[in-house]
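So this block is upload36.cif, mmCIF, C-alpha atoms; chains and numbers go by the auth columns:
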data_final
loop_
_atom_site.group_PDB
_atom_site.id
_atom_site.type_symbol
_atom_site.label_atom_id
_atom_site.label_comp_id
_atom_site.label_asym_id
_atom_site.label_seq_id
_atom_site.Cartn_x
_atom_site.Cartn_y
_atom_site.Cartn_z
_atom_site.B_iso_or_equiv
_atom_site.auth_seq_id
_atom_site.auth_asym_id
ATOM 1 C CA MET A 1 39.516 70.511 202.017 0.00 11 A
ATOM 2 C CA ARG A 2 40.160 73.022 204.768 0.00 12 A
ATOM 3 C CA LYS A 3 43.085 74.493 202.789 0.00 13 A
ATOM 4 C CA ASN A 4 40.822 75.044 199.767 0.00 14 A
ATOM 5 C CA VAL A 5 38.248 76.870 201.907 0.00 15 A
ATOM 6 C CA ARG A 6 40.906 79.361 203.048 0.00 16 A
ATOM 7 C CA LEU A 7 42.051 79.984 199.463 0.00 17 A
ATOM 8 C CA PHE A 8 38.531 80.601 198.184 0.00 18 A
ATOM 9 C CA PRO A 9 38.290 84.235 199.451 0.00 19 A
ATOM 10 C CA LEU A 10 41.658 84.998 197.819 0.00 20 A
ATOM 11 C CA LEU A 11 40.426 83.547 194.550 0.00 21 A
ATOM 12 C CA ILE A 12 37.281 85.717 194.694 0.00 22 A
ATOM 13 C CA ILE A 13 39.375 88.852 195.338 0.00 23 A
ATOM 14 C CA PHE A 14 41.733 87.973 192.470 0.00 24 A
ATOM 15 C CA ILE A 15 38.839 87.484 190.051 0.00 25 A
ATOM 16 C CA ALA A 16 37.176 90.733 191.154 0.00 26 A
ATOM 17 C CA VAL A 17 40.383 92.737 190.662 0.00 27 A
ATOM 18 C CA ALA A 18 41.140 91.106 187.306 0.00 28 A
ATOM 19 C CA CYS A 19 37.644 91.820 186.033 0.00 29 A
ATOM 20 C CA SER A 20 37.615 95.433 187.255 0.00 30 A
ATOM 21 C CA VAL A 21 40.667 96.535 185.218 0.00 31 A
ATOM 22 C CA PRO A 22 39.346 97.707 181.858 0.00 32 A
ATOM 23 C CA GLU A 23 40.883 96.099 178.803 0.00 33 A
ATOM 24 C CA PRO A 24 42.317 98.209 176.018 0.00 34 A
ATOM 25 C CA PHE A 25 39.615 98.932 173.478 0.00 35 A
ATOM 26 C CA HIS A 26 39.665 99.345 169.744 0.00 36 A
ATOM 27 C CA HIS A 27 36.669 100.628 167.836 0.00 37 A
ATOM 28 C CA GLN A 28 36.494 101.856 164.273 0.00 38 A
ATOM 29 C CA PHE A 29 37.126 105.531 165.075 0.00 39 A
ATOM 30 C CA ALA A 30 38.651 105.467 168.568 0.00 40 A
ATOM 31 C CA SER A 31 40.985 103.208 170.489 0.00 41 A
ATOM 32 C CA GLY A 32 42.730 103.586 173.793 0.00 42 A
ATOM 33 C CA HIS A 33 43.505 102.229 177.181 0.00 43 A
ATOM 34 C CA TYR A 34 42.634 103.001 180.781 0.00 44 A
ATOM 35 C CA SER A 35 45.049 104.856 183.049 0.00 45 A
ATOM 36 C CA SER A 36 44.671 104.729 186.821 0.00 46 A
ATOM 37 C CA ASP A 37 45.703 108.395 186.880 0.00 47 A
ATOM 38 C CA ILE A 38 44.129 111.290 185.016 0.00 48 A
ATOM 39 C CA ILE A 39 46.950 112.521 182.795 0.00 49 A
ATOM 40 C CA SER A 40 46.459 116.091 181.642 0.00 50 A
ATOM 41 C CA CYS A 41 46.605 116.666 177.897 0.00 51 A
ATOM 42 C CA VAL A 42 49.559 119.082 178.211 0.00 52 A
ATOM 43 C CA PRO A 43 52.217 116.760 179.678 0.00 53 A
ATOM 44 C CA TYR A 44 50.948 113.937 177.486 0.00 54 A
ATOM 45 C CA ALA A 45 51.237 116.012 174.289 0.00 55 A
ATOM 46 C CA ARG A 46 54.636 117.321 175.368 0.00 56 A
ATOM 47 C CA LYS A 47 55.908 113.761 175.882 0.00 57 A
ATOM 48 C CA VAL A 48 54.458 112.349 172.653 0.00 58 A
ATOM 49 C CA SER A 49 55.284 115.276 170.332 0.00 59 A
ATOM 50 C CA GLY A 50 58.533 116.587 171.759 0.00 60 A
ATOM 51 C CA VAL A 51 57.109 120.139 171.700 0.00 61 A
ATOM 52 C CA LYS A 52 58.530 121.621 174.900 0.00 62 A
ATOM 53 C CA LEU A 53 55.863 124.142 175.858 0.00 63 A
ATOM 54 C CA THR A 54 54.220 124.564 179.249 0.00 64 A
ATOM 55 C CA GLY A 55 51.119 126.251 180.598 0.00 65 A
ATOM 56 C CA ASP A 56 47.458 125.653 179.851 0.00 66 A
ATOM 57 C CA ALA A 57 46.746 124.101 176.466 0.00 67 A
ATOM 58 C CA TYR A 58 45.231 127.255 174.950 0.00 68 A
ATOM 59 C CA THR A 59 48.444 129.195 175.746 0.00 69 A
ATOM 60 C CA TRP A 60 50.527 126.874 173.549 0.00 70 A
ATOM 61 C CA TRP A 61 49.555 128.741 170.373 0.00 71 A
ATOM 62 C CA PRO A 62 50.954 132.146 171.390 0.00 72 A
ATOM 63 C CA GLU A 63 53.856 130.522 173.280 0.00 73 A
ATOM 64 C CA ALA A 64 54.911 128.655 170.136 0.00 74 A
ATOM 65 C CA ALA A 65 55.346 131.890 168.154 0.00 75 A
ATOM 66 C CA GLY A 66 59.014 132.329 167.290 0.00 76 A
ATOM 67 C CA ARG A 67 59.919 128.949 168.816 0.00 77 A
ATOM 68 C CA TYR A 68 58.058 126.473 166.595 0.00 78 A
ATOM 69 C CA ARG A 69 56.473 126.641 163.161 0.00 79 A
ATOM 70 C CA ARG A 70 52.701 126.994 163.261 0.00 80 A
ATOM 71 C CA GLY A 71 50.137 126.420 160.551 0.00 81 A
ATOM 72 C CA HIS A 72 46.784 125.127 159.421 0.00 82 A
ATOM 73 C CA ILE A 73 47.769 121.897 157.689 0.00 83 A
ATOM 74 C CA PRO A 74 47.952 118.736 159.799 0.00 84 A
ATOM 75 C CA ALA A 75 51.196 116.759 159.821 0.00 85 A
ATOM 76 C CA VAL A 76 52.105 113.604 161.701 0.00 86 A
ATOM 77 C CA GLY A 77 53.597 114.590 165.068 0.00 87 A
ATOM 78 C CA SER A 78 52.161 118.113 165.041 0.00 88 A
ATOM 79 C CA VAL A 79 50.067 119.373 167.952 0.00 89 A
ATOM 80 C CA LEU A 80 46.473 120.466 167.349 0.00 90 A
ATOM 81 C CA VAL A 81 45.640 123.324 169.742 0.00 91 A
ATOM 82 C CA LEU A 82 42.025 123.995 170.696 0.00 92 A
ATOM 83 C CA LYS A 83 40.840 127.334 172.022 0.00 93 A
ATOM 84 C CA ARG A 84 39.414 127.501 175.509 0.00 94 A
ATOM 85 C CA THR A 85 35.671 127.583 175.980 0.00 95 A
ATOM 86 C CA SER A 86 33.233 127.849 178.871 0.00 96 A
ATOM 87 C CA ARG A 87 33.162 124.022 178.915 0.00 97 A
ATOM 88 C CA MET A 88 36.909 123.612 178.375 0.00 98 A
ATOM 89 C CA HIS A 89 38.572 126.307 180.496 0.00 99 A
ATOM 90 C CA SER A 90 42.174 125.309 179.722 0.00 100 A
ATOM 91 C CA GLY A 91 41.717 124.487 176.046 0.00 101 A
ATOM 92 C CA HIS A 92 43.062 121.176 174.780 0.00 102 A
ATOM 93 C CA VAL A 93 46.004 119.774 172.835 0.00 103 A
ATOM 94 C CA ALA A 94 46.204 116.545 170.844 0.00 104 A
ATOM 95 C CA VAL A 95 49.006 115.066 168.743 0.00 105 A
ATOM 96 C CA VAL A 96 48.406 114.094 165.120 0.00 106 A
ATOM 97 C CA LYS A 97 48.984 110.370 164.673 0.00 107 A
ATOM 98 C CA ASP A 98 47.815 109.943 161.056 0.00 108 A
ATOM 99 C CA VAL A 99 46.612 112.227 158.284 0.00 109 A
ATOM 100 C CA LEU A 100 43.751 110.365 156.615 0.00 110 A
ATOM 101 C CA ASN A 101 42.778 112.996 154.036 0.00 111 A
ATOM 102 C CA ALA A 102 42.425 116.782 153.738 0.00 112 A
ATOM 103 C CA ARG A 103 39.622 116.872 156.307 0.00 113 A
ATOM 104 C CA GLN A 104 40.285 113.942 158.642 0.00 114 A
ATOM 105 C CA ILE A 105 43.096 112.980 161.000 0.00 115 A
ATOM 106 C CA ASN A 106 43.663 110.555 163.843 0.00 116 A
ATOM 107 C CA VAL A 107 45.063 112.007 167.057 0.00 117 A
ATOM 108 C CA THR A 108 46.442 110.631 170.298 0.00 118 A
ATOM 109 C CA HIS A 109 45.513 112.533 173.465 0.00 119 A
ATOM 110 C CA SER A 110 44.458 112.241 177.078 0.00 120 A
ATOM 111 C CA ASN A 111 42.050 113.783 179.585 0.00 121 A
ATOM 112 C CA TRP A 112 39.220 114.040 177.069 0.00 122 A
ATOM 113 C CA GLY A 113 35.529 113.543 177.633 0.00 123 A
ATOM 114 C CA ASP A 114 32.690 114.723 179.771 0.00 124 A
ATOM 115 C CA SER A 115 32.860 112.197 182.597 0.00 125 A
ATOM 116 C CA ARG A 116 35.410 111.173 185.188 0.00 126 A
ATOM 117 C CA SER A 117 35.734 107.718 183.645 0.00 127 A
ATOM 118 C CA THR A 118 36.512 108.996 180.132 0.00 128 A
ATOM 119 C CA ARG A 119 39.175 111.324 181.542 0.00 129 A
ATOM 120 C CA HIS A 120 41.090 108.217 182.673 0.00 130 A
ATOM 121 C CA ILE A 121 41.455 107.024 179.068 0.00 131 A
ATOM 122 C CA ILE A 122 44.536 107.657 176.989 0.00 132 A
ATOM 123 C CA TYR A 123 43.274 107.642 173.444 0.00 133 A
ATOM 124 C CA ASP A 124 45.900 106.044 171.236 0.00 134 A
ATOM 125 C CA SER A 125 43.864 106.993 168.186 0.00 135 A
ATOM 126 C CA MET A 126 40.730 109.087 167.715 0.00 136 A
ATOM 127 C CA LEU A 127 39.140 110.494 164.581 0.00 137 A
ATOM 128 C CA VAL A 128 39.055 114.294 164.270 0.00 138 A
ATOM 129 C CA GLU A 129 37.361 116.046 161.372 0.00 139 A
ATOM 130 C CA ASP A 130 37.808 119.563 160.037 0.00 140 A
ATOM 131 C CA VAL A 131 34.317 121.084 159.795 0.00 141 A
ATOM 132 C CA SER A 132 35.415 124.648 159.018 0.00 142 A
ATOM 133 C CA ARG A 133 33.917 126.345 155.965 0.00 143 A
ATOM 134 C CA ALA A 134 37.362 127.401 154.709 0.00 144 A
ATOM 135 C CA ASN A 135 38.925 123.944 155.191 0.00 145 A
ATOM 136 C CA ASP A 136 41.537 125.564 157.465 0.00 146 A
ATOM 137 C CA TRP A 137 41.101 123.399 160.595 0.00 147 A
ATOM 138 C CA SER A 138 39.715 126.352 162.579 0.00 148 A
ATOM 139 C CA GLN A 139 36.649 124.292 163.589 0.00 149 A
ATOM 140 C CA VAL A 140 36.946 120.587 164.426 0.00 150 A
ATOM 141 C CA LYS A 141 34.879 117.695 165.767 0.00 151 A
ATOM 142 C CA PHE A 142 36.287 114.775 167.754 0.00 152 A
ATOM 143 C CA TRP A 143 34.789 111.297 167.632 0.00 153 A
ATOM 144 C CA ASN A 144 32.344 110.603 170.470 0.00 154 A
ATOM 145 C CA ASP A 145 32.634 106.868 170.979 0.00 155 A
ATOM 146 C CA SER A 146 29.797 106.560 173.489 0.00 156 A
ATOM 147 C CA LYS A 147 27.326 108.151 171.035 0.00 157 A
ATOM 148 C CA ASN A 148 28.973 106.734 167.887 0.00 158 A
ATOM 149 C CA VAL A 149 29.076 110.138 166.138 0.00 159 A
ATOM 150 C CA LEU A 150 31.379 113.088 165.639 0.00 160 A
ATOM 151 C CA GLY A 151 30.794 115.305 168.657 0.00 161 A
ATOM 152 C CA PHE A 152 30.497 118.989 169.456 0.00 162 A
ATOM 153 C CA PRO A 153 32.421 121.463 167.215 0.00 163 A
ATOM 154 C CA TYR A 154 35.454 123.111 168.835 0.00 164 A
ATOM 155 C CA ALA A 155 37.359 126.192 167.689 0.00 165 A
ATOM 156 C CA ALA A 156 41.020 125.489 166.980 0.00 166 A
ATOM 157 C CA TYR A 157 44.060 127.725 166.549 0.00 167 A
ATOM 158 C CA GLY A 158 45.868 125.282 164.273 0.00 168 A
ATOM 159 C CA PHE A 159 48.919 123.026 164.419 0.00 169 A
ATOM 160 C CA ILE A 160 52.304 123.435 166.075 0.00 170 A
ATOM 161 C CA TYR A 161 55.043 121.540 164.254 0.00 171 A
ATOM 162 C CA PRO A 162 57.872 119.963 166.296 0.00 172 A
#
I'd like the structure from this file rewritten - as structure tokens, please.
Amino acid sequence: MRKNVRLFPLLIIFIAVACSVPEPFHHQFASGHYSSDIISCVPYARKVSGVKLTGDAYTWWPEAAGRYRRGHIPAVGSVLVLKRTSRMHSGHVAVVKDVLNARQINVTHSNWGDSRSTRHIIYDSMLVEDVSRANDWSQVKFWNDSKNVLGFPYAAYGFIYP
């Protein structure tokens, strides 16, 4: 009995730790997993796509000129480059995972969201929709899983092809 009493605190700690690690999640338009570190979108996109550019995300578009093909049609493995804004000072990059149709893609990316907890998620797949008038991917919306809608529109440069 005495031995069991000493093991009880260890059991409580084990249960608390096991329950505090978020499980991978999969919803209809977004899926991902928790990372204990915040992984910036740039090194993540570089690793996943093989596009060997450095610097802030918004600088990838001009840096790619003459080194990589660039365009306005999504392709699997290409990097979607968002322009910087007052809310997103460094811009953002995401890698195309699937092309669903002419106006929708799934991307994989990291360090996305408006809270510290969402920035710890590596999104394995997230819906992105072209909302530009010219259907040229110059304006896009990313899925906002917490609100269950497509989110704020972001200006995009286009796609860098590996």
Under the rule that all atoms listed in the file are counted, which of A:Trp71, A:Met136, A:Asn121, A:Gly76 is the nearest residue to Val159 (chain A)?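 Of all the options, A:Met136 lies closest to Val159 (chain A).
For the structure in this document, the set picked by the PyMOL selection byres ((chain A and resi 35-47) around 6) is Pro34, Ile48, Ile49, His130, Ile131, Ile132, Tyr133, Asp134, Ser135, Met136 and Leu137 of chain A.
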Saved selection, atoms kept: C-alpha atoms, as an mmCIF file, in the coordinates of the input:
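New file result-v4.cif:
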data_model
loop_
_atom_site.group_PDB
_atom_site.id
_atom_site.type_symbol
_atom_site.label_atom_id
_atom_site.label_comp_id
_atom_site.auth_asym_id
_atom_site.auth_seq_id
_atom_site.Cartn_x
_atom_site.Cartn_y
_atom_site.Cartn_z
ATOM 1 C CA PRO A 34 42.317 98.209 176.018
ATOM 2 C CA ILE A 48 44.129 111.290 185.016
ATOM 3 C CA ILE A 49 46.950 112.521 182.795
ATOM 4 C CA HIS A 130 41.090 108.217 182.673
ATOM 5 C CA ILE A 131 41.455 107.024 179.068
ATOM 6 C CA ILE A 132 44.536 107.657 176.989
ATOM 7 C CA TYR A 133 43.274 107.642 173.444
ATOM 8 C CA ASP A 134 45.900 106.044 171.236
ATOM 9 C CA SER A 135 43.864 106.993 168.186
ATOM 10 C CA MET A 136 40.730 109.087 167.715
ATOM 11 C CA LEU A 137 39.140 110.494 164.581
#
Go ahead and compute the interatomic distance for CA of Pro72 (chain A) and CA of Asn111 (chain A), in Å to one decimal.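 The value is 27.1 Å.
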I'd like the neighbourhood of Glu139 (chain A) as a PyMOL selection string, where a residue qualifies if any of its atoms comes within 12 Å (using only C-alpha atoms), though same-chain residues fewer than 3 positions away should be ignored. chain A and resi 39+84+90+106+109-117+136+142+145-154+159-166
Residues near Arg80 (chain A), anyone? I mean within 10 Å using only C-alpha atoms, not counting same-chain ones fewer than 5 positions away, as a CSV table (one decimal) with C-alpha atoms, in the coordinates of the input.
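Full text of out.csv as output:
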chain,number,residue,atom,x,y,z
A,71,TRP,CA,49.6,128.7,170.4
A,72,PRO,CA,51.0,132.1,171.4
A,74,ALA,CA,54.9,128.7,170.1
A,75,ALA,CA,55.3,131.9,168.2
A,88,SER,CA,52.2,118.1,165.0
A,89,VAL,CA,50.1,119.4,168.0
A,90,LEU,CA,46.5,120.5,167.3
A,167,TYR,CA,44.1,127.7,166.5
A,168,GLY,CA,45.9,125.3,164.3
A,169,PHE,CA,48.9,123.0,164.4
A,170,ILE,CA,52.3,123.4,166.1
A,171,TYR,CA,55.0,121.5,164.3
A,172,PRO,CA,57.9,120.0,166.3
Please write the residues picked by the PyMOL selection byres ((chain A and resi 53-57) around 8) on this file as a PyMOL selection string. chain A and resi 49-52+58-63+89+103-105+119-120
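CA of His82 (chain A) to CA of Trp122 (chain A) spans 22.2 Å [interatomic distance, one decimal].
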Using only the atoms of region 42-53 of chain A listed in the file, plus 4 Å on each side, state the axis-aligned box centre and edge lengths in Å rounded to one decimal, as AutoDock Vina command-line options.
--center_x 47.4 --center_y 110.7 --center_z 180.3 --size_x 17.6 --size_y 24.9 --size_z 21.1
